[in-house]
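Colleague: To start, I am sharing the structure in question, which I have written as C-alpha cells.
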Amino acid sequence: MAMVQAPAKANMGGQTAERQHSSETILPPSLPCIALSTPALPLLYYLLPLLHLVCLPIKPNPSHRQGQLKARTTKHTNAHPPSNSNSMNAFYSSMAHGLDALHRSPHACLSAAFLQQAAALLRSLHSQLLHLVQRLHLPPGESWLDEYMDETSRLWEACQLARAGAAGLDAYCAAAARVAPALRDWLYGGSGSGGSHSHATAAVRHLQRAITAPRRHAVALHQDNRALADARLDPASLLLDDRSPLEFKLNAFNGFRGVLYALRNATSFLLVLLISGTVTCLPDLTAGCSAVAHHHQQLRASGGGYVASVARLRQRVAQEMEGCIIGGGGGGGGIMMYEFRQARAAIDGLKQDFDRVVAMGGGYCDDIGDSLGQRAEIINGWVGMLRSGAEAVIAELDDFFDEIVEGRKMLSDLCSHR
C-alpha cells in the first residue's frame, strides 16, 4: 500500500505546504495511511477526527456497574420465581377456603362435629405445607427447618392439651349415662309400679345419686382442666403474631417464612376453638373482630387473603358465644363443647323437675312420668353424641400427631440428602 506523497511541484507555494502540514498532523501514527486522490483529502480532513474518537476505548463507570449488580442481587433475593409464587398463592387460597368452609359449617358452633372439622383443617394445612416445602427447593442447613420445628412443636403441645380434655369427657359420659336407667327404675320399678314404700324410697335415693354424680363430676372436671391449662398452656403461643411483616422479613427462604407467618395466625384461633371446646373456655374465644382489629391490619400488610376469613370465623364464634352467655347456656367458662353443655342442661332440668316431684310427696302420675321419660331420652341422646364426638376429635388429633412426626422426619431426611 503506497504512502501519501506530498505534491512534487514546489511552486504551489503556501497552499501545498498547508495541505501537507494538515495531512501530517491529522493522521494518527497508529493508523495506516491509505492512498487517496487529492480531491478526497478535504473529506478526510473531517472524517479522521471522528474515526479517532470511535477508536478510543470506553471506560466503564464503576458506580453504574455497582448499581446494576446491587439491583440484580436485590431482585434475586426478594423476588420469587413464578412457580414459587403460584405455589404460595395456592396455599393461601386453600387456607382461606378451609376457614370459610368452617365459618359456613352447618354444625353448631363448638359442637363435636365443628371441632372435628377444625382439627381436620389443621391436618390439611400442615399437609399442604409439607408439599409446598418440596416445591420451594429450600437450602439445607439453614434456619427454615428450625422455624418449622418450632411451629409444629407449638401445634403439638396445644393439640395434646385438647386431646387430654377430650379424653377426660369419657368419665363424665359414663356418669351421665347412669341417669336414664335410674330414672326408668324409679318410674317403672319403684313408685310407678306400685312397689313397696321401701323400694320406692330406695329408687328415689338411687336416682338422686345418679343425678348428682355427673353434676359433681362436671365441677371437678372444670377445676382439673383449669389447672391443666395453667400448667401446660402458654397463652402467648395462641396469640396472633403482632410483628410487622417488614420486620419479620417474610420473603426469607423463598417466601417460606411468610407461609409460616400465615399458618401461625390462622391456626392460633383453631387451637383456641379446640382447647375451649374440650378443656376450658379461653378469653380469646369470645373476643370479637374489634378486639383483634390491630392485628388484622398488620396481617393485611402481608398480602394474605386468609385474614378476612379468620375475621369472619371469629365473628361467628363471638356472636354465638355471646348468645350462649346471655341465654344462660353455661358459657361463662369451663368446657364449651356444645354436646357437653346440652347434656349438663338436660341433667340440671331433670334435677329441678325431680326435686319438685319429691317436694310434692313423690307421687307418680302419667303426666310426670311422660315428662321425665322424655328427659331421660334427651339425656341419653346428648350423652351418646358427646361420647362419639369426643372420640372422633381424639382420632383426628391422633392422626395429626402421626403426620407431624412423619413430616419432621421427611424434612430432616430431605435436608440431609441435599
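If you're wondering about the labels, chains in the C-alpha cells are A, B, ... by order shown, residues count from 1 in each chain, ligands from 1 in order shown.
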If you count only C-alpha atoms, which residues fall within 12 Å of Ala220 of chain A, apart from same-chain ones fewer than 6 positions away, as a PyMOL selection string?

Modeller: chain A and resi 168-169+171-172+213-214+226-227+334-335

Colleague: Near segment 385-390 of chain A, counting only C-alpha atoms, which residues have an atom at most 8 Å away, once you skip same-chain residues fewer than 5 positions from it, shown as a PyMOL selection string?

Modeller: chain A and resi 112-113+116+166-167+169-170+173+339-340

Colleague: List the neighbours of Asp234 of chain A out to 12 Å using only C-alpha atoms; skip same-chain residues closer than 3 positions along the sequence, and give me the result as a list in words.

Modeller: Arg154, Leu155, Glu157, Ala158, Leu161, Leu228, Ala229, Asp230, Ala231, Ser237, Leu238, Leu239, Val272 and Leu282 of chain A

Colleague: How would the residues just chosen look if you wrote them out with C-alpha atoms as a compact mmCIF listing (two decimals), in the first residue's frame?

Modeller:
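Contents of selection_7.txt, freshly written:
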```txt
# COMPACT_ATOMS: atom_id res chain seq x y z
CA ARG A 154 -46.49 -25.29 69.21
CA LEU A 155 -49.20 -27.19 67.36
CA GLU A 157 -48.40 -29.08 72.61
CA ALA A 158 -51.71 -27.28 72.13
CA LEU A 161 -53.84 -30.42 75.70
CA LEU A 228 -54.15 -28.49 83.46
CA ALA A 229 -54.37 -25.46 81.19
CA ASP A 230 -52.45 -23.29 83.64
CA ALA A 231 -49.68 -25.87 83.84
CA SER A 237 -48.44 -19.27 71.98
CA LEU A 238 -52.04 -18.76 70.86
CA LEU A 239 -51.85 -15.03 70.24
CA VAL A 272 -58.36 -21.70 70.71
CA LEU A 282 -60.15 -19.23 76.74
```

Colleague: Have a look at atom CA of Ile211 of chain A and atom CA of Gly333 of chain A and let me know their distance in Å, one decimal.

Modeller: 21.5 Å

Colleague: Residues within 8 Å of Leu102 of chain A, please, as a ChimeraX atom specification. Count only C-alpha atoms; anything in the same chain fewer than 4 positions from it doesn't count.

Modeller: /A:98,114,117-118,313

Colleague: Could you jot down the atom CA of Asn380 of chain A to atom CA of Ile394 of chain A separation for me, Å, one decimal place?

Modeller: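 Spanning atom CA of Asn380 of chain A to atom CA of Ile394 of chain A is a straight-line distance of 21.3 Å.
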
Colleague: For Arg375 of chain A, please output as a list in words all residues within 12 Å (counting only C-alpha atoms; exclusion window: fewer than 4 positions along the same chain).

Modeller: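 The residues satisfying every condition are Val179, Ala180, Pro181, Leu183, Arg184, Gln342, Ala343, Arg344, Ala345, Ala346, Ile347, Asp348, Gly349, Leu350, Lys351, Gln352, Asp353, Phe354, Ile368, Gly369, Asp370, Ser371, Ile379, Asn380, Gly381 and Trp382 of chain A.
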
Colleague: Within 9 Å of Gln128 of chain A, counting only C-alpha atoms, which residues show up once you throw out same-chain ones fewer than 5 positions away? Write them as a ChimeraX atom specification, please.

Modeller: /A:91,94,123,133

Colleague: What is the atom CA of Asp100 of chain A to atom CA of Arg312 of chain A distance in Å?

Modeller: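 Going from atom CA of Asp100 of chain A over to atom CA of Arg312 of chain A, I get 7.8 Å.
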
Colleague: May I have the residues within 12 Å of Glu406 of chain A as a PyMOL selection string, using only C-alpha atoms and disregarding those fewer than 4 positions away in the same chain?

Modeller: chain A and resi 126-127+130+152+399-402+410-413

Colleague: A:Cys109, A:Leu271, A:Ala101, A:His217: which is nearest Cys324 of chain A, counting only C-alpha atoms?

Modeller: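 Of the candidates, the smallest distance to Cys324 of chain A is held by A:Cys109.
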
Colleague: With distances taken over only C-alpha atoms, which residue among A:Val204, A:Ala162, A:Leu122, A:Leu99 lies nearest Ala359 of chain A?

Modeller: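 The closest residue to Ala359 of chain A is A:Val204.
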
Colleague: Would you please work out which residue, of A:Leu138, A:Ala395, A:Ala177, A:Cys159, is nearest to Ile378 of chain A when using only C-alpha atoms?

Modeller: A:Ala177

Colleague: Have a look at A:Arg356, A:Arg215, A:His206, A:Arg163 and name the one nearest to Ala392 of chain A; count only C-alpha atoms.

Modeller: A:Arg163

Colleague: Please identify which residues in segment 106-297 of chain A DSSP calls helix (DSSP H, G or I) from the backbone, and express them as a PyMOL selection string.

Modeller: chain A and resi 112-136+144-176+179-193+197-232+235-238+245-248+256-278+283-286+289-297

Colleague: For Gln160 of chain A, which residue among A:Thr212, A:Val383, A:Met321, A:Leu274 is the nearest when counting only C-alpha atoms?

Modeller: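 Distance minimum relative to Gln160 of chain A lands on A:Leu274.
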
Colleague: Between A:Met337, A:Val307, A:Ala200, A:Cys281, which is the closest to His107 of chain A once you count only C-alpha atoms?

Modeller: A:Met337
